[in-house]
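Structure, as structure tokens:
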Amino acid sequence: MKVLIGTKNPGKIEGATKAFERYFKDVEVIGIPVSSDVNDQPFDNEVLTGARNRVKNVREYAKDNNIEADFYIAVEGGITTSLGTIIELNIAVVEDKEGFQSVGTSQGFPIPEKYMDDIKATDFGTVMDKILNGNGLSKGKGGIGILTHDQVSRIDITENAFIMALTSHINGNIWR
């Protein structure tokens, strides 16, 4: 099974691979760097829009390069305030070769208000690197690994978001 993901981020690729391998055999996840066409630091509706745009863009890339795949996927991390508090989460989009698309989210975690001005001026990853003395935390286990004392990694959150999005694909018509 060939899966194209709209990123070259190794943590996102690994999380997607782990999710798909739970349900499918012989999974090959190939990272393609495409744009989200939203701000570098997405907020609220931009998070879902960015993930959907990445799926659209990776599908267009595949068409332009004569690459066939079983699934076209993406995940976008961002911040939402729609729950009445500031939460960082990931939204995964999974689209099969017939064009059926589903969405899933990861668990989210709170962000203290005191960091929001810096996040808006730069991005969440830059602020996390500064606060947690990291370098490229978004590429591996992530800042969430440090914040949870190694109980949850960036890979885990990505895997979880893809598992949630896959529920519409692995349960046939009963969940569509």
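Residues are named by chain letter and number: chains run A, B, ... in the order of the structure tokens, numbers start at 1 in each chain, and ligands are numbered from 1 in the order shown.
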Might you pull out every residue within 12 Å of segment 150-162 of chain A, with only C-alpha atoms counted and same-chain residues fewer than 3 positions away left off, and present them as an mmCIF file with N, CA and C atoms, in the first residue's frame?
data_model
loop_
_atom_site.group_PDB
_atom_site.id
_atom_site.type_symbol
_atom_site.label_atom_id
_atom_site.label_comp_id
_atom_site.auth_asym_id
_atom_site.auth_seq_id
_atom_site.Cartn_x
_atom_site.Cartn_y
_atom_site.Cartn_z
ATOM 1 N N ILE A 5 2.255 11.438 2.002
ATOM 2 C CA ILE A 5 1.983 12.412 3.056
ATOM 3 C C ILE A 5 2.600 13.745 2.667
ATOM 4 N N ASN A 9 8.681 16.014 7.259
ATOM 5 C CA ASN A 9 8.972 15.961 8.686
ATOM 6 C C ASN A 9 9.026 14.495 9.136
ATOM 7 N N PRO A 10 10.197 14.037 9.616
ATOM 8 C CA PRO A 10 10.332 12.619 9.963
ATOM 9 C C PRO A 10 9.398 12.158 11.081
ATOM 10 N N GLY A 11 9.102 13.022 12.042
ATOM 11 C CA GLY A 11 8.183 12.661 13.122
ATOM 12 C C GLY A 11 6.770 12.449 12.617
ATOM 13 N N LYS A 12 6.323 13.300 11.698
ATOM 14 C CA LYS A 12 4.982 13.147 11.123
ATOM 15 C C LYS A 12 4.911 11.892 10.254
ATOM 16 N N ILE A 13 5.961 11.630 9.501
ATOM 17 C CA ILE A 13 5.992 10.433 8.654
ATOM 18 C C ILE A 13 5.953 9.181 9.524
ATOM 19 N N GLU A 14 6.724 9.172 10.597
ATOM 20 C CA GLU A 14 6.742 8.005 11.478
ATOM 21 C C GLU A 14 5.390 7.798 12.156
ATOM 22 N N GLY A 15 4.760 8.883 12.620
ATOM 23 C CA GLY A 15 3.441 8.767 13.247
ATOM 24 C C GLY A 15 2.398 8.233 12.277
ATOM 25 N N ALA A 16 2.435 8.721 11.039
ATOM 26 C CA ALA A 16 1.504 8.234 10.016
ATOM 27 C C ALA A 16 1.755 6.766 9.710
ATOM 28 N N THR A 17 3.012 6.396 9.590
ATOM 29 C CA THR A 17 3.357 5.004 9.298
ATOM 30 C C THR A 17 2.836 4.076 10.393
ATOM 31 N N LYS A 18 3.049 4.454 11.638
ATOM 32 C CA LYS A 18 2.584 3.632 12.752
ATOM 33 C C LYS A 18 1.065 3.477 12.727
ATOM 34 N N ALA A 19 0.352 4.550 12.421
ATOM 35 C CA ALA A 19 -1.118 4.481 12.374
ATOM 36 C C ALA A 19 -1.580 3.547 11.263
ATOM 37 N N PHE A 20 -1.050 3.713 10.064
ATOM 38 C CA PHE A 20 -1.475 2.891 8.930
ATOM 39 C C PHE A 20 -1.091 1.424 9.120
ATOM 40 N N GLU A 21 0.064 1.171 9.736
ATOM 41 C CA GLU A 21 0.488 -0.217 9.953
ATOM 42 C C GLU A 21 -0.389 -0.954 10.962
ATOM 43 N N ARG A 22 -1.166 -0.238 11.740
ATOM 44 C CA ARG A 22 -2.109 -0.887 12.649
ATOM 45 C C ARG A 22 -3.244 -1.576 11.880
ATOM 46 N N TYR A 23 -3.534 -1.099 10.666
ATOM 47 C CA TYR A 23 -4.707 -1.574 9.926
ATOM 48 C C TYR A 23 -4.401 -2.200 8.570
ATOM 49 N N ALA A 51 -4.235 21.390 6.725
ATOM 50 C CA ALA A 51 -4.136 19.944 6.489
ATOM 51 C C ALA A 51 -4.848 19.569 5.189
ATOM 52 N N PHE A 71 -3.615 6.237 -0.614
ATOM 53 C CA PHE A 71 -4.073 7.309 0.266
ATOM 54 C C PHE A 71 -3.186 8.534 0.097
ATOM 55 N N TYR A 72 -3.805 9.699 0.296
ATOM 56 C CA TYR A 72 -3.120 10.987 0.305
ATOM 57 C C TYR A 72 -3.457 11.597 1.661
ATOM 58 N N ILE A 73 -2.432 11.954 2.427
ATOM 59 C CA ILE A 73 -2.678 12.349 3.807
ATOM 60 C C ILE A 73 -1.841 13.565 4.194
ATOM 61 N N ALA A 74 -2.252 14.182 5.298
ATOM 62 C CA ALA A 74 -1.488 15.297 5.855
ATOM 63 C C ALA A 74 -1.904 15.487 7.301
ATOM 64 N N VAL A 75 -1.040 16.134 8.039
ATOM 65 C CA VAL A 75 -1.357 16.528 9.406
ATOM 66 C C VAL A 75 -0.815 17.934 9.609
ATOM 67 N N GLU A 76 -1.597 18.743 10.286
ATOM 68 C CA GLU A 76 -1.204 20.125 10.565
ATOM 69 C C GLU A 76 -1.337 20.362 12.058
ATOM 70 N N GLY A 77 -0.286 20.863 12.664
ATOM 71 C CA GLY A 77 -0.345 21.254 14.062
ATOM 72 C C GLY A 77 -0.704 22.717 14.156
ATOM 73 N N GLU A 88 -3.101 23.429 21.919
ATOM 74 C CA GLU A 88 -2.346 23.017 20.734
ATOM 75 C C GLU A 88 -2.788 21.609 20.392
ATOM 76 N N LEU A 89 -3.072 21.373 19.107
ATOM 77 C CA LEU A 89 -3.492 20.050 18.658
ATOM 78 C C LEU A 89 -3.056 19.822 17.230
ATOM 79 N N ASN A 90 -3.236 18.603 16.782
ATOM 80 C CA ASN A 90 -2.940 18.233 15.404
ATOM 81 C C ASN A 90 -4.219 17.774 14.740
ATOM 82 N N ILE A 91 -4.389 18.148 13.497
ATOM 83 C CA ILE A 91 -5.526 17.684 12.709
ATOM 84 C C ILE A 91 -4.978 16.918 11.515
ATOM 85 N N ALA A 92 -5.432 15.677 11.386
ATOM 86 C CA ALA A 92 -5.022 14.816 10.282
ATOM 87 C C ALA A 92 -6.162 14.712 9.277
ATOM 88 N N VAL A 93 -5.808 14.691 8.007
ATOM 89 C CA VAL A 93 -6.760 14.475 6.926
ATOM 90 C C VAL A 93 -6.277 13.271 6.130
ATOM 91 N N VAL A 94 -7.195 12.346 5.881
ATOM 92 C CA VAL A 94 -6.905 11.131 5.121
ATOM 93 C C VAL A 94 -7.884 11.075 3.959
ATOM 94 N N GLU A 95 -7.346 10.987 2.747
ATOM 95 C CA GLU A 95 -8.172 10.896 1.542
ATOM 96 C C GLU A 95 -7.756 9.659 0.762
ATOM 97 N N SER A 102 -11.580 12.038 5.237
ATOM 98 C CA SER A 102 -12.001 12.086 6.633
ATOM 99 C C SER A 102 -10.974 12.878 7.440
ATOM 100 N N VAL A 103 -11.403 13.291 8.625
ATOM 101 C CA VAL A 103 -10.595 14.157 9.475
ATOM 102 C C VAL A 103 -10.536 13.558 10.877
ATOM 103 N N GLY A 104 -9.397 13.679 11.521
ATOM 104 C CA GLY A 104 -9.249 13.271 12.917
ATOM 105 C C GLY A 104 -8.357 14.254 13.640
ATOM 106 N N THR A 105 -8.500 14.295 14.948
ATOM 107 C CA THR A 105 -7.656 15.182 15.748
ATOM 108 C C THR A 105 -6.877 14.365 16.772
ATOM 109 N N SER A 106 -5.795 14.957 17.199
ATOM 110 C CA SER A 106 -5.024 14.378 18.298
ATOM 111 C C SER A 106 -5.593 14.880 19.608
ATOM 112 N N GLN A 107 -5.066 14.330 20.679
ATOM 113 C CA GLN A 107 -5.311 14.953 21.965
ATOM 114 C C GLN A 107 -4.611 16.306 21.940
ATOM 115 N N GLY A 108 -5.100 17.232 22.707
ATOM 116 C CA GLY A 108 -4.505 18.560 22.741
ATOM 117 C C GLY A 108 -3.939 18.855 24.114
ATOM 118 N N PHE A 109 -3.121 19.892 24.187
ATOM 119 C CA PHE A 109 -2.581 20.291 25.485
ATOM 120 C C PHE A 109 -2.620 21.810 25.612
ATOM 121 N N GLY A 125 6.763 26.304 17.489
ATOM 122 C CA GLY A 125 7.998 25.532 17.570
ATOM 123 C C GLY A 125 9.172 26.367 18.046
ATOM 124 N N GLY A 136 14.902 22.306 17.261
ATOM 125 C CA GLY A 136 14.122 21.526 16.314
ATOM 126 C C GLY A 136 13.243 20.482 16.987
ATOM 127 N N LEU A 137 12.665 20.843 18.125
ATOM 128 C CA LEU A 137 11.827 19.892 18.850
ATOM 129 C C LEU A 137 10.671 19.362 18.014
ATOM 130 N N SER A 138 10.191 20.154 17.060
ATOM 131 C CA SER A 138 9.045 19.725 16.256
ATOM 132 C C SER A 138 9.397 18.593 15.301
ATOM 133 N N LYS A 139 10.668 18.295 15.122
ATOM 134 C CA LYS A 139 11.080 17.265 14.168
ATOM 135 C C LYS A 139 11.147 15.873 14.778
ATOM 136 N N GLY A 140 11.250 15.763 16.088
ATOM 137 C CA GLY A 140 11.392 14.455 16.718
ATOM 138 C C GLY A 140 10.290 14.199 17.720
ATOM 139 N N LYS A 141 10.706 13.953 18.980
ATOM 140 C CA LYS A 141 9.708 13.650 20.007
ATOM 141 C C LYS A 141 8.886 14.880 20.355
ATOM 142 N N GLY A 142 9.414 16.041 20.055
ATOM 143 C CA GLY A 142 8.674 17.269 20.253
ATOM 144 C C GLY A 142 8.729 17.783 21.673
ATOM 145 N N GLY A 143 8.308 19.023 21.805
ATOM 146 C CA GLY A 143 8.234 19.640 23.130
ATOM 147 C C GLY A 143 7.266 18.904 24.037
ATOM 148 N N ILE A 144 6.257 18.269 23.441
ATOM 149 C CA ILE A 144 5.288 17.540 24.254
ATOM 150 C C ILE A 144 5.968 16.392 24.991
ATOM 151 N N GLY A 145 7.007 15.822 24.411
ATOM 152 C CA GLY A 145 7.771 14.783 25.103
ATOM 153 C C GLY A 145 8.373 15.313 26.395
ATOM 154 N N ILE A 146 8.904 16.526 26.342
ATOM 155 C CA ILE A 146 9.478 17.150 27.534
ATOM 156 C C ILE A 146 8.376 17.525 28.512
ATOM 157 N N LEU A 147 7.292 18.130 28.004
ATOM 158 C CA LEU A 147 6.207 18.573 28.883
ATOM 159 C C LEU A 147 5.505 17.409 29.591
ATOM 160 N N ALA A 165 -8.662 9.752 12.178
ATOM 161 C CA ALA A 165 -9.122 10.014 10.806
ATOM 162 C C ALA A 165 -9.409 8.711 10.066
ATOM 163 N N LEU A 166 -8.675 7.658 10.378
ATOM 164 C CA LEU A 166 -8.860 6.380 9.684
ATOM 165 C C LEU A 166 -10.149 5.660 10.076
ATOM 166 N N THR A 167 -10.806 6.077 11.163
ATOM 167 C CA THR A 167 -12.026 5.366 11.578
ATOM 168 C C THR A 167 -13.065 5.310 10.464
ATOM 169 N N SER A 168 -13.139 6.326 9.645
ATOM 170 C CA SER A 168 -14.103 6.335 8.530
ATOM 171 C C SER A 168 -13.666 5.442 7.380
ATOM 172 N N HIS A 169 -12.412 5.078 7.334
ATOM 173 C CA HIS A 169 -11.887 4.249 6.250
ATOM 174 C C HIS A 169 -11.853 2.771 6.625
ATOM 175 N N ILE A 170 -11.641 2.469 7.883
ATOM 176 C CA ILE A 170 -11.468 1.069 8.293
ATOM 177 C C ILE A 170 -12.772 0.406 8.718
#
Once DSSP has gone over the backbone, tell me which residues of segment 7-158 of chain A are in alpha helix (DSSP H), as a ChimeraX atom specification.
/A:10-21,45-64,116-121,124-131,142-147,154-158
Quick one: distance from atom CA of Asn173 of chain A to atom CA of Phe100 of chain A in Å, one decimal?
11.5 Å
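When DSSP reads the backbone of this structure, the residues of segment 31-78 of chain A it assigns to strand (DSSP E) are Gly31, Phe71, Tyr72, Ile73, Ala74, Val75, Glu76, Gly77 and Gly78 of chain A.
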What does the file look like for those residues with C-alpha atoms, as an mmCIF file, in the first residue's frame?
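Dumped to out-v1.cif:
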data_model
loop_
_atom_site.group_PDB
_atom_site.id
_atom_site.type_symbol
_atom_site.label_atom_id
_atom_site.label_comp_id
_atom_site.auth_asym_id
_atom_site.auth_seq_id
_atom_site.Cartn_x
_atom_site.Cartn_y
_atom_site.Cartn_z
ATOM 1 C CA GLY A 31 6.915 12.207 2.313
ATOM 2 C CA PHE A 71 -4.073 7.309 0.266
ATOM 3 C CA TYR A 72 -3.120 10.987 0.305
ATOM 4 C CA ILE A 73 -2.678 12.349 3.807
ATOM 5 C CA ALA A 74 -1.488 15.297 5.855
ATOM 6 C CA VAL A 75 -1.357 16.528 9.406
ATOM 7 C CA GLU A 76 -1.204 20.125 10.565
ATOM 8 C CA GLY A 77 -0.345 21.254 14.062
ATOM 9 C CA GLY A 78 -1.846 24.447 15.328
#
Minimum-distance residue to Lys8 of chain A, chosen among A:Ala69, A:Met164, A:Leu48, A:Ile32 (using only C-alpha atoms):
A:Ile32
